[in-house]
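Text of run12.pdb, listed as PDB, N, CA and C atoms:
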```pdb
ATOM      1  N   SER K  16       1.751  -6.659  11.789  1.00  0.00           N
ATOM      2  CA  SER K  16       2.598  -7.192  10.751  1.00  0.00           C
ATOM      3  C   SER K  16       1.897  -8.361  10.068  1.00  0.00           C
ATOM      4  N   LEU K  17       1.980  -8.410   8.765  1.00  0.00           N
ATOM      5  CA  LEU K  17       1.331  -9.480   8.005  1.00  0.00           C
ATOM      6  C   LEU K  17       2.280 -10.639   7.730  1.00  0.00           C
ATOM      7  N   TYR K  18       3.396 -10.682   8.462  1.00  0.00           N
ATOM      8  CA  TYR K  18       4.365 -11.755   8.264  1.00  0.00           C
ATOM      9  C   TYR K  18       3.788 -13.098   8.691  1.00  0.00           C
ATOM     10  N   HIS K  19       2.837 -13.066   9.602  1.00  0.00           N
ATOM     11  CA  HIS K  19       2.279 -14.301  10.136  1.00  0.00           C
ATOM     12  C   HIS K  19       0.866 -14.526   9.617  1.00  0.00           C
ATOM     13  N   CYS K  20       0.552 -15.762   9.396  1.00  0.00           N
ATOM     14  CA  CYS K  20      -0.756 -16.144   8.873  1.00  0.00           C
ATOM     15  C   CYS K  20      -1.886 -15.655   9.782  1.00  0.00           C
ATOM     16  N   ALA K  21      -1.669 -15.685  11.080  1.00  0.00           N
ATOM     17  CA  ALA K  21      -2.706 -15.266  12.026  1.00  0.00           C
ATOM     18  C   ALA K  21      -3.088 -13.800  11.823  1.00  0.00           C
ATOM     19  N   ALA K  22      -2.116 -12.971  11.485  1.00  0.00           N
ATOM     20  CA  ALA K  22      -2.408 -11.551  11.236  1.00  0.00           C
ATOM     21  C   ALA K  22      -3.274 -11.395  10.000  1.00  0.00           C
ATOM     22  N   CYS K  23      -2.990 -12.163   8.978  1.00  0.00           N
ATOM     23  CA  CYS K  23      -3.798 -12.109   7.753  1.00  0.00           C
ATOM     24  C   CYS K  23      -5.212 -12.598   8.026  1.00  0.00           C
ATOM     25  N   GLU K  24      -5.340 -13.657   8.802  1.00  0.00           N
ATOM     26  CA  GLU K  24      -6.650 -14.195   9.133  1.00  0.00           C
ATOM     27  C   GLU K  24      -7.450 -13.220   9.981  1.00  0.00           C
ATOM     28  N   ALA K  25      -6.769 -12.477  10.850  1.00  0.00           N
ATOM     29  CA  ALA K  25      -7.449 -11.524  11.725  1.00  0.00           C
ATOM     30  C   ALA K  25      -8.050 -10.358  10.945  1.00  0.00           C
ATOM     31  N   LEU K  26      -7.577 -10.122   9.746  1.00  0.00           N
ATOM     32  CA  LEU K  26      -8.137  -9.043   8.928  1.00  0.00           C
ATOM     33  C   LEU K  26      -9.588  -9.297   8.563  1.00  0.00           C
ATOM     34  N   GLY K  27      -9.944 -10.567   8.453  1.00  0.00           N
ATOM     35  CA  GLY K  27     -11.318 -10.914   8.104  1.00  0.00           C
ATOM     36  C   GLY K  27     -11.731 -10.285   6.789  1.00  0.00           C
ATOM     37  N   ASP K  28     -12.923  -9.706   6.775  1.00  0.00           N
ATOM     38  CA  ASP K  28     -13.446  -9.088   5.556  1.00  0.00           C
ATOM     39  C   ASP K  28     -12.722  -7.794   5.202  1.00  0.00           C
ATOM     40  N   SER K  29     -11.971  -7.237   6.139  1.00  0.00           N
ATOM     41  CA  SER K  29     -11.217  -6.010   5.878  1.00  0.00           C
ATOM     42  C   SER K  29     -10.110  -6.223   4.862  1.00  0.00           C
ATOM     43  N   VAL K  30      -9.759  -7.469   4.626  1.00  0.00           N
ATOM     44  CA  VAL K  30      -8.700  -7.766   3.660  1.00  0.00           C
ATOM     45  C   VAL K  30      -9.093  -7.267   2.270  1.00  0.00           C
ATOM     46  N   VAL K  31     -10.374  -7.293   1.958  1.00  0.00           N
ATOM     47  CA  VAL K  31     -10.842  -6.810   0.656  1.00  0.00           C
ATOM     48  C   VAL K  31     -10.569  -5.311   0.526  1.00  0.00           C
ATOM     49  N   ASP K  32     -10.829  -4.567   1.591  1.00  0.00           N
ATOM     50  CA  ASP K  32     -10.560  -3.127   1.578  1.00  0.00           C
ATOM     51  C   ASP K  32      -9.072  -2.842   1.456  1.00  0.00           C
ATOM     52  N   LEU K  33      -8.258  -3.636   2.122  1.00  0.00           N
ATOM     53  CA  LEU K  33      -6.803  -3.462   2.054  1.00  0.00           C
ATOM     54  C   LEU K  33      -6.293  -3.744   0.642  1.00  0.00           C
ATOM     55  N   ILE K  34      -6.788  -4.799   0.029  1.00  0.00           N
ATOM     56  CA  ILE K  34      -6.393  -5.127  -1.344  1.00  0.00           C
ATOM     57  C   ILE K  34      -6.851  -4.025  -2.297  1.00  0.00           C
ATOM     58  N   ASP K  35      -8.051  -3.516  -2.101  1.00  0.00           N
ATOM     59  CA  ASP K  35      -8.560  -2.432  -2.939  1.00  0.00           C
ATOM     60  C   ASP K  35      -7.692  -1.183  -2.806  1.00  0.00           C
ATOM     61  N   TYR K  36      -7.306  -0.833  -1.588  1.00  0.00           N
ATOM     62  CA  TYR K  36      -6.440   0.323  -1.363  1.00  0.00           C
ATOM     63  C   TYR K  36      -5.114   0.150  -2.100  1.00  0.00           C
ATOM     64  N   CYS K  37      -4.512  -1.010  -1.939  1.00  0.00           N
ATOM     65  CA  CYS K  37      -3.235  -1.275  -2.604  1.00  0.00           C
ATOM     66  C   CYS K  37      -3.380  -1.191  -4.122  1.00  0.00           C
ATOM     67  N   HIS K  38      -4.472  -1.711  -4.638  1.00  0.00           N
ATOM     68  CA  HIS K  38      -4.724  -1.657  -6.076  1.00  0.00           C
ATOM     69  C   HIS K  38      -4.847  -0.209  -6.546  1.00  0.00           C
ATOM     70  N   ARG K  39      -5.599   0.608  -5.795  1.00  0.00           N
ATOM     71  CA  ARG K  39      -5.777   2.010  -6.173  1.00  0.00           C
ATOM     72  C   ARG K  39      -4.472   2.798  -6.097  1.00  0.00           C
ATOM     73  N   ILE K  40      -3.561   2.392  -5.239  1.00  0.00           N
ATOM     74  CA  ILE K  40      -2.252   3.049  -5.142  1.00  0.00           C
ATOM     75  C   ILE K  40      -1.357   2.607  -6.293  1.00  0.00           C
ATOM     76  N   LEU K  41      -1.333   1.323  -6.575  1.00  0.00           N
ATOM     77  CA  LEU K  41      -0.369   0.783  -7.537  1.00  0.00           C
ATOM     78  C   LEU K  41      -0.755   1.000  -8.997  1.00  0.00           C
ATOM     79  N   LEU K  42      -2.027   1.060  -9.301  1.00  0.00           N
ATOM     80  CA  LEU K  42      -2.436   1.215 -10.698  1.00  0.00           C
ATOM     81  C   LEU K  42      -1.902   2.513 -11.319  1.00  0.00           C
ATOM     82  N   PRO K  43      -2.123   3.673 -10.712  1.00  0.00           N
ATOM     83  CA  PRO K  43      -1.554   4.899 -11.298  1.00  0.00           C
ATOM     84  C   PRO K  43      -0.022   4.915 -11.249  1.00  0.00           C
ATOM     85  N   ALA K  44       0.545   4.342 -10.213  1.00  0.00           N
ATOM     86  CA  ALA K  44       2.006   4.310 -10.106  1.00  0.00           C
ATOM     87  C   ALA K  44       2.604   3.483 -11.234  1.00  0.00           C
ATOM     88  N   ALA K  45       1.951   2.386 -11.582  1.00  0.00           N
ATOM     89  CA  ALA K  45       2.430   1.533 -12.671  1.00  0.00           C
ATOM     90  C   ALA K  45       2.318   2.234 -14.015  1.00  0.00           C
ATOM     91  N   ALA K  46       1.355   3.137 -14.137  1.00  0.00           N
ATOM     92  CA  ALA K  46       1.166   3.881 -15.380  1.00  0.00           C
ATOM     93  C   ALA K  46       2.094   5.092 -15.469  1.00  0.00           C
ATOM     94  N   GLY K  47       2.903   5.291 -14.438  1.00  0.00           N
ATOM     95  CA  GLY K  47       3.855   6.398 -14.450  1.00  0.00           C
ATOM     96  C   GLY K  47       3.295   7.699 -13.936  1.00  0.00           C
ATOM     97  N   GLY K  48       2.120   7.654 -13.343  1.00  0.00           N
ATOM     98  CA  GLY K  48       1.495   8.872 -12.830  1.00  0.00           C
ATOM     99  C   GLY K  48       1.701   9.035 -11.343  1.00  0.00           C
ATOM    100  N   SER K  49       1.124  10.077 -10.822  1.00  0.00           N
ATOM    101  CA  SER K  49       1.173  10.344  -9.391  1.00  0.00           C
ATOM    102  C   SER K  49       0.142   9.457  -8.708  1.00  0.00           C
ATOM    103  N   ILE K  50       0.498   8.897  -7.567  1.00  0.00           N
ATOM    104  CA  ILE K  50      -0.425   7.985  -6.893  1.00  0.00           C
ATOM    105  C   ILE K  50      -1.368   8.696  -5.946  1.00  0.00           C
ATOM    106  N   SER K  51      -1.142   9.975  -5.723  1.00  0.00           N
ATOM    107  CA  SER K  51      -2.016  10.675  -4.790  1.00  0.00           C
ATOM    108  C   SER K  51      -2.092  12.151  -5.133  1.00  0.00           C
ATOM    109  N   LYS K  52      -2.901  12.825  -4.381  1.00  0.00           N
ATOM    110  CA  LYS K  52      -3.060  14.261  -4.570  1.00  0.00           C
ATOM    111  C   LYS K  52      -2.238  15.025  -3.545  1.00  0.00           C
ATOM    112  N   ILE K  53      -1.328  14.354  -2.854  1.00  0.00           N
ATOM    113  CA  ILE K  53      -0.552  15.038  -1.821  1.00  0.00           C
ATOM    114  C   ILE K  53       0.443  16.020  -2.395  1.00  0.00           C
ATOM    115  N   ALA K  54       0.769  15.885  -3.663  1.00  0.00           N
ATOM    116  CA  ALA K  54       1.738  16.786  -4.280  1.00  0.00           C
ATOM    117  C   ALA K  54       1.238  18.226  -4.279  1.00  0.00           C
ATOM    118  N   SER K  55      -0.065  18.426  -4.302  1.00  0.00           N
ATOM    119  CA  SER K  55      -0.617  19.778  -4.336  1.00  0.00           C
ATOM    120  C   SER K  55      -0.902  20.333  -2.944  1.00  0.00           C
ATOM    121  N   SER K  56      -0.630  19.571  -1.915  1.00  0.00           N
ATOM    122  CA  SER K  56      -0.899  20.016  -0.559  1.00  0.00           C
ATOM    123  C   SER K  56       0.160  21.021  -0.100  1.00  0.00           C
ATOM    124  N   PRO K  57      -0.249  22.249   0.248  1.00  0.00           N
ATOM    125  CA  PRO K  57       0.729  23.243   0.701  1.00  0.00           C
ATOM    126  C   PRO K  57       1.379  22.861   2.024  1.00  0.00           C
ATOM    127  N   THR K  58       0.705  22.054   2.806  1.00  0.00           N
ATOM    128  CA  THR K  58       1.246  21.626   4.100  1.00  0.00           C
ATOM    129  C   THR K  58       2.449  20.705   3.926  1.00  0.00           C
ATOM    130  N   LEU K  59       2.494  19.961   2.833  1.00  0.00           N
ATOM    131  CA  LEU K  59       3.536  18.958   2.630  1.00  0.00           C
ATOM    132  C   LEU K  59       4.584  19.381   1.602  1.00  0.00           C
ATOM    133  N   LYS K  60       4.694  20.673   1.330  1.00  0.00           N
ATOM    134  CA  LYS K  60       5.634  21.160   0.319  1.00  0.00           C
ATOM    135  C   LYS K  60       7.084  20.775   0.616  1.00  0.00           C
ATOM    136  N   HIS K  61       7.409  20.659   1.880  1.00  0.00           N
ATOM    137  CA  HIS K  61       8.799  20.383   2.268  1.00  0.00           C
ATOM    138  C   HIS K  61       9.207  18.925   2.062  1.00  0.00           C
ATOM    139  N   LEU K  62       8.263  18.052   1.777  1.00  0.00           N
ATOM    140  CA  LEU K  62       8.565  16.636   1.587  1.00  0.00           C
ATOM    141  C   LEU K  62       8.958  16.332   0.146  1.00  0.00           C
ATOM    142  N   ASP K  63       9.746  15.304  -0.020  1.00  0.00           N
ATOM    143  CA  ASP K  63      10.066  14.806  -1.353  1.00  0.00           C
ATOM    144  C   ASP K  63       8.911  13.890  -1.757  1.00  0.00           C
ATOM    145  N   ILE K  64       7.976  14.433  -2.515  1.00  0.00           N
ATOM    146  CA  ILE K  64       6.740  13.730  -2.850  1.00  0.00           C
ATOM    147  C   ILE K  64       7.008  12.465  -3.656  1.00  0.00           C
ATOM    148  N   GLU K  65       7.926  12.523  -4.593  1.00  0.00           N
ATOM    149  CA  GLU K  65       8.222  11.333  -5.396  1.00  0.00           C
ATOM    150  C   GLU K  65       8.748  10.199  -4.530  1.00  0.00           C
ATOM    151  N   GLN K  66       9.613  10.526  -3.583  1.00  0.00           N
ATOM    152  CA  GLN K  66      10.151   9.499  -2.689  1.00  0.00           C
ATOM    153  C   GLN K  66       9.053   8.955  -1.787  1.00  0.00           C
ATOM    154  N   LEU K  67       8.185   9.826  -1.311  1.00  0.00           N
ATOM    155  CA  LEU K  67       7.076   9.398  -0.459  1.00  0.00           C
ATOM    156  C   LEU K  67       6.131   8.470  -1.218  1.00  0.00           C
ATOM    157  N   GLU K  68       5.793   8.829  -2.446  1.00  0.00           N
ATOM    158  CA  GLU K  68       4.909   7.991  -3.248  1.00  0.00           C
ATOM    159  C   GLU K  68       5.551   6.644  -3.570  1.00  0.00           C
ATOM    160  N   ALA K  69       6.849   6.640  -3.841  1.00  0.00           N
ATOM    161  CA  ALA K  69       7.555   5.384  -4.106  1.00  0.00           C
ATOM    162  C   ALA K  69       7.553   4.499  -2.867  1.00  0.00           C
ATOM    163  N   SER K  70       7.735   5.109  -1.715  1.00  0.00           N
ATOM    164  CA  SER K  70       7.732   4.353  -0.467  1.00  0.00           C
ATOM    165  C   SER K  70       6.358   3.730  -0.201  1.00  0.00           C
ATOM    166  N   ILE K  71       5.301   4.493  -0.442  1.00  0.00           N
ATOM    167  CA  ILE K  71       3.939   3.979  -0.259  1.00  0.00           C
ATOM    168  C   ILE K  71       3.685   2.823  -1.219  1.00  0.00           C
ATOM    169  N   ALA K  72       4.105   2.974  -2.476  1.00  0.00           N
ATOM    170  CA  ALA K  72       3.902   1.921  -3.477  1.00  0.00           C
ATOM    171  C   ALA K  72       4.646   0.646  -3.090  1.00  0.00           C
ATOM    172  N   LEU K  73       5.873   0.790  -2.605  1.00  0.00           N
ATOM    173  CA  LEU K  73       6.640  -0.392  -2.182  1.00  0.00           C
ATOM    174  C   LEU K  73       5.980  -1.092  -1.007  1.00  0.00           C
ATOM    175  N   ARG K  74       5.435  -0.325  -0.104  1.00  0.00           N
ATOM    176  CA  ARG K  74       4.737  -0.930   1.037  1.00  0.00           C
ATOM    177  C   ARG K  74       3.494  -1.677   0.580  1.00  0.00           C
ATOM    178  N   CYS K  75       2.794  -1.132  -0.397  1.00  0.00           N
ATOM    179  CA  CYS K  75       1.608  -1.816  -0.944  1.00  0.00           C
ATOM    180  C   CYS K  75       2.002  -3.125  -1.615  1.00  0.00           C
ATOM    181  N   ILE K  76       3.103  -3.114  -2.342  1.00  0.00           N
ATOM    182  CA  ILE K  76       3.590  -4.348  -2.966  1.00  0.00           C
ATOM    183  C   ILE K  76       3.916  -5.387  -1.899  1.00  0.00           C
ATOM    184  N   THR K  77       4.552  -4.949  -0.832  1.00  0.00           N
ATOM    185  CA  THR K  77       4.907  -5.858   0.264  1.00  0.00           C
ATOM    186  C   THR K  77       3.659  -6.444   0.909  1.00  0.00           C
ATOM    187  N   ILE K  78       2.664  -5.604   1.148  1.00  0.00           N
ATOM    188  CA  ILE K  78       1.408  -6.078   1.741  1.00  0.00           C
ATOM    189  C   ILE K  78       0.757  -7.130   0.847  1.00  0.00           C
ATOM    190  N   LEU K  79       0.670  -6.839  -0.450  1.00  0.00           N
ATOM    191  CA  LEU K  79       0.056  -7.790  -1.374  1.00  0.00           C
ATOM    192  C   LEU K  79       0.843  -9.087  -1.452  1.00  0.00           C
ATOM    193  N   ARG K  80       2.158  -8.997  -1.370  1.00  0.00           N
ATOM    194  CA  ARG K  80       2.994 -10.194  -1.402  1.00  0.00           C
ATOM    195  C   ARG K  80       2.709 -11.097  -0.202  1.00  0.00           C
ATOM    196  N   PHE K  81       2.593 -10.500   0.979  1.00  0.00           N
ATOM    197  CA  PHE K  81       2.321 -11.307   2.170  1.00  0.00           C
ATOM    198  C   PHE K  81       0.903 -11.853   2.151  1.00  0.00           C
ATOM    199  N   LEU K  82      -0.053 -11.076   1.662  1.00  0.00           N
ATOM    200  CA  LEU K  82      -1.420 -11.588   1.542  1.00  0.00           C
ATOM    201  C   LEU K  82      -1.475 -12.758   0.577  1.00  0.00           C
ATOM    202  N   ALA K  83      -0.774 -12.641  -0.537  1.00  0.00           N
ATOM    203  CA  ALA K  83      -0.745 -13.732  -1.519  1.00  0.00           C
ATOM    204  C   ALA K  83      -0.048 -14.963  -0.945  1.00  0.00           C
ATOM    205  N   GLY K  84       0.973 -14.747  -0.155  1.00  0.00           N
ATOM    206  CA  GLY K  84       1.693 -15.859   0.458  1.00  0.00           C
ATOM    207  C   GLY K  84       0.866 -16.645   1.453  1.00  0.00           C
ATOM    208  N   HIS K  85      -0.139 -15.983   2.034  1.00  0.00           N
ATOM    209  CA  HIS K  85      -0.984 -16.646   3.019  1.00  0.00           C
ATOM    210  C   HIS K  85      -2.377 -16.957   2.462  1.00  0.00           C
ATOM    211  N   ALA K  86      -2.583 -16.755   1.187  1.00  0.00           N
ATOM    212  CA  ALA K  86      -3.900 -16.930   0.582  1.00  0.00           C
ATOM    213  C   ALA K  86      -4.381 -18.377   0.622  1.00  0.00           C
ATOM    214  N   ASP K  87      -3.473 -19.308   0.621  1.00  0.00           N
ATOM    215  CA  ASP K  87      -3.872 -20.718   0.597  1.00  0.00           C
ATOM    216  C   ASP K  87      -4.330 -21.229   1.956  1.00  0.00           C
ATOM    217  N   ARG K  88      -4.213 -20.437   2.955  1.00  0.00           N
ATOM    218  CA  ARG K  88      -4.588 -20.898   4.321  1.00  0.00           C
ATOM    219  C   ARG K  88      -5.948 -20.436   4.709  1.00  0.00           C
TER     220      ARG K  88
END
```

For the file at hand, write its structure as structure tokens.
Amino acid sequence: SLYHCAACEALGDSVVDLIDYCHRILLPAAAGGSISKIASSPTLKHLDIEQLEASIALRCITILRFLAGHADR
């Protein structure tokens, strides 16, 4: 959990990769497009892809919010 500053600090240089991942997820979502290629996966046909993508995007926003909240430390 990134609720605590120690968790953010433990990420070390991996924080850059996490921020990059969140950016790559949120940029297409903000433009109104699909955030992934999972919609074409025959294995995942039974899932509500739009709801799944929205959930992933919200989690990315939450991650970025906590990283920004601990950025000054």

#### Entry: Exercise: segment 78-88 of chain K partners within 8 Å, all atoms listed in the file, chain neighbours under 3 positions left out, as number ranges by chain
K: 17-20, 23-24, 33-34, 37, 72-75

### Task
Quote the spacing between atom C of Val30 of chain K and atom CA of Leu67 of chain K in Å to one decimal place.
23.4 Å

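Interatomic distance, atom N of Glu68 of chain K to atom CA of His38 of chain K: 15.3 Å.
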
Show me the residues around (2.9, 1.4, -9.7) - criterion: an atom at most 12 Å away, only C-alpha atoms counted - as a PDB file with N, CA and C atoms, in the coordinates of the input.
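Result file part.pdb:
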```
ATOM      1  N   CYS K  37      -4.512  -1.010  -1.939  1.00  0.00           N
ATOM      2  CA  CYS K  37      -3.235  -1.275  -2.604  1.00  0.00           C
ATOM      3  C   CYS K  37      -3.380  -1.191  -4.122  1.00  0.00           C
ATOM      4  N   HIS K  38      -4.472  -1.711  -4.638  1.00  0.00           N
ATOM      5  CA  HIS K  38      -4.724  -1.657  -6.076  1.00  0.00           C
ATOM      6  C   HIS K  38      -4.847  -0.209  -6.546  1.00  0.00           C
ATOM      7  N   ARG K  39      -5.599   0.608  -5.795  1.00  0.00           N
ATOM      8  CA  ARG K  39      -5.777   2.010  -6.173  1.00  0.00           C
ATOM      9  C   ARG K  39      -4.472   2.798  -6.097  1.00  0.00           C
ATOM     10  N   ILE K  40      -3.561   2.392  -5.239  1.00  0.00           N
ATOM     11  CA  ILE K  40      -2.252   3.049  -5.142  1.00  0.00           C
ATOM     12  C   ILE K  40      -1.357   2.607  -6.293  1.00  0.00           C
ATOM     13  N   LEU K  41      -1.333   1.323  -6.575  1.00  0.00           N
ATOM     14  CA  LEU K  41      -0.369   0.783  -7.537  1.00  0.00           C
ATOM     15  C   LEU K  41      -0.755   1.000  -8.997  1.00  0.00           C
ATOM     16  N   LEU K  42      -2.027   1.060  -9.301  1.00  0.00           N
ATOM     17  CA  LEU K  42      -2.436   1.215 -10.698  1.00  0.00           C
ATOM     18  C   LEU K  42      -1.902   2.513 -11.319  1.00  0.00           C
ATOM     19  N   PRO K  43      -2.123   3.673 -10.712  1.00  0.00           N
ATOM     20  CA  PRO K  43      -1.554   4.899 -11.298  1.00  0.00           C
ATOM     21  C   PRO K  43      -0.022   4.915 -11.249  1.00  0.00           C
ATOM     22  N   ALA K  44       0.545   4.342 -10.213  1.00  0.00           N
ATOM     23  CA  ALA K  44       2.006   4.310 -10.106  1.00  0.00           C
ATOM     24  C   ALA K  44       2.604   3.483 -11.234  1.00  0.00           C
ATOM     25  N   ALA K  45       1.951   2.386 -11.582  1.00  0.00           N
ATOM     26  CA  ALA K  45       2.430   1.533 -12.671  1.00  0.00           C
ATOM     27  C   ALA K  45       2.318   2.234 -14.015  1.00  0.00           C
ATOM     28  N   ALA K  46       1.355   3.137 -14.137  1.00  0.00           N
ATOM     29  CA  ALA K  46       1.166   3.881 -15.380  1.00  0.00           C
ATOM     30  C   ALA K  46       2.094   5.092 -15.469  1.00  0.00           C
ATOM     31  N   GLY K  47       2.903   5.291 -14.438  1.00  0.00           N
ATOM     32  CA  GLY K  47       3.855   6.398 -14.450  1.00  0.00           C
ATOM     33  C   GLY K  47       3.295   7.699 -13.936  1.00  0.00           C
ATOM     34  N   GLY K  48       2.120   7.654 -13.343  1.00  0.00           N
ATOM     35  CA  GLY K  48       1.495   8.872 -12.830  1.00  0.00           C
ATOM     36  C   GLY K  48       1.701   9.035 -11.343  1.00  0.00           C
ATOM     37  N   SER K  49       1.124  10.077 -10.822  1.00  0.00           N
ATOM     38  CA  SER K  49       1.173  10.344  -9.391  1.00  0.00           C
ATOM     39  C   SER K  49       0.142   9.457  -8.708  1.00  0.00           C
ATOM     40  N   ILE K  50       0.498   8.897  -7.567  1.00  0.00           N
ATOM     41  CA  ILE K  50      -0.425   7.985  -6.893  1.00  0.00           C
ATOM     42  C   ILE K  50      -1.368   8.696  -5.946  1.00  0.00           C
ATOM     43  N   SER K  51      -1.142   9.975  -5.723  1.00  0.00           N
ATOM     44  CA  SER K  51      -2.016  10.675  -4.790  1.00  0.00           C
ATOM     45  C   SER K  51      -2.092  12.151  -5.133  1.00  0.00           C
ATOM     46  N   GLU K  68       5.793   8.829  -2.446  1.00  0.00           N
ATOM     47  CA  GLU K  68       4.909   7.991  -3.248  1.00  0.00           C
ATOM     48  C   GLU K  68       5.551   6.644  -3.570  1.00  0.00           C
ATOM     49  N   ALA K  69       6.849   6.640  -3.841  1.00  0.00           N
ATOM     50  CA  ALA K  69       7.555   5.384  -4.106  1.00  0.00           C
ATOM     51  C   ALA K  69       7.553   4.499  -2.867  1.00  0.00           C
ATOM     52  N   SER K  70       7.735   5.109  -1.715  1.00  0.00           N
ATOM     53  CA  SER K  70       7.732   4.353  -0.467  1.00  0.00           C
ATOM     54  C   SER K  70       6.358   3.730  -0.201  1.00  0.00           C
ATOM     55  N   ILE K  71       5.301   4.493  -0.442  1.00  0.00           N
ATOM     56  CA  ILE K  71       3.939   3.979  -0.259  1.00  0.00           C
ATOM     57  C   ILE K  71       3.685   2.823  -1.219  1.00  0.00           C
ATOM     58  N   ALA K  72       4.105   2.974  -2.476  1.00  0.00           N
ATOM     59  CA  ALA K  72       3.902   1.921  -3.477  1.00  0.00           C
ATOM     60  C   ALA K  72       4.646   0.646  -3.090  1.00  0.00           C
ATOM     61  N   LEU K  73       5.873   0.790  -2.605  1.00  0.00           N
ATOM     62  CA  LEU K  73       6.640  -0.392  -2.182  1.00  0.00           C
ATOM     63  C   LEU K  73       5.980  -1.092  -1.007  1.00  0.00           C
ATOM     64  N   ARG K  74       5.435  -0.325  -0.104  1.00  0.00           N
ATOM     65  CA  ARG K  74       4.737  -0.930   1.037  1.00  0.00           C
ATOM     66  C   ARG K  74       3.494  -1.677   0.580  1.00  0.00           C
ATOM     67  N   CYS K  75       2.794  -1.132  -0.397  1.00  0.00           N
ATOM     68  CA  CYS K  75       1.608  -1.816  -0.944  1.00  0.00           C
ATOM     69  C   CYS K  75       2.002  -3.125  -1.615  1.00  0.00           C
ATOM     70  N   ILE K  76       3.103  -3.114  -2.342  1.00  0.00           N
ATOM     71  CA  ILE K  76       3.590  -4.348  -2.966  1.00  0.00           C
ATOM     72  C   ILE K  76       3.916  -5.387  -1.899  1.00  0.00           C
TER      73      ILE K  76
END
```
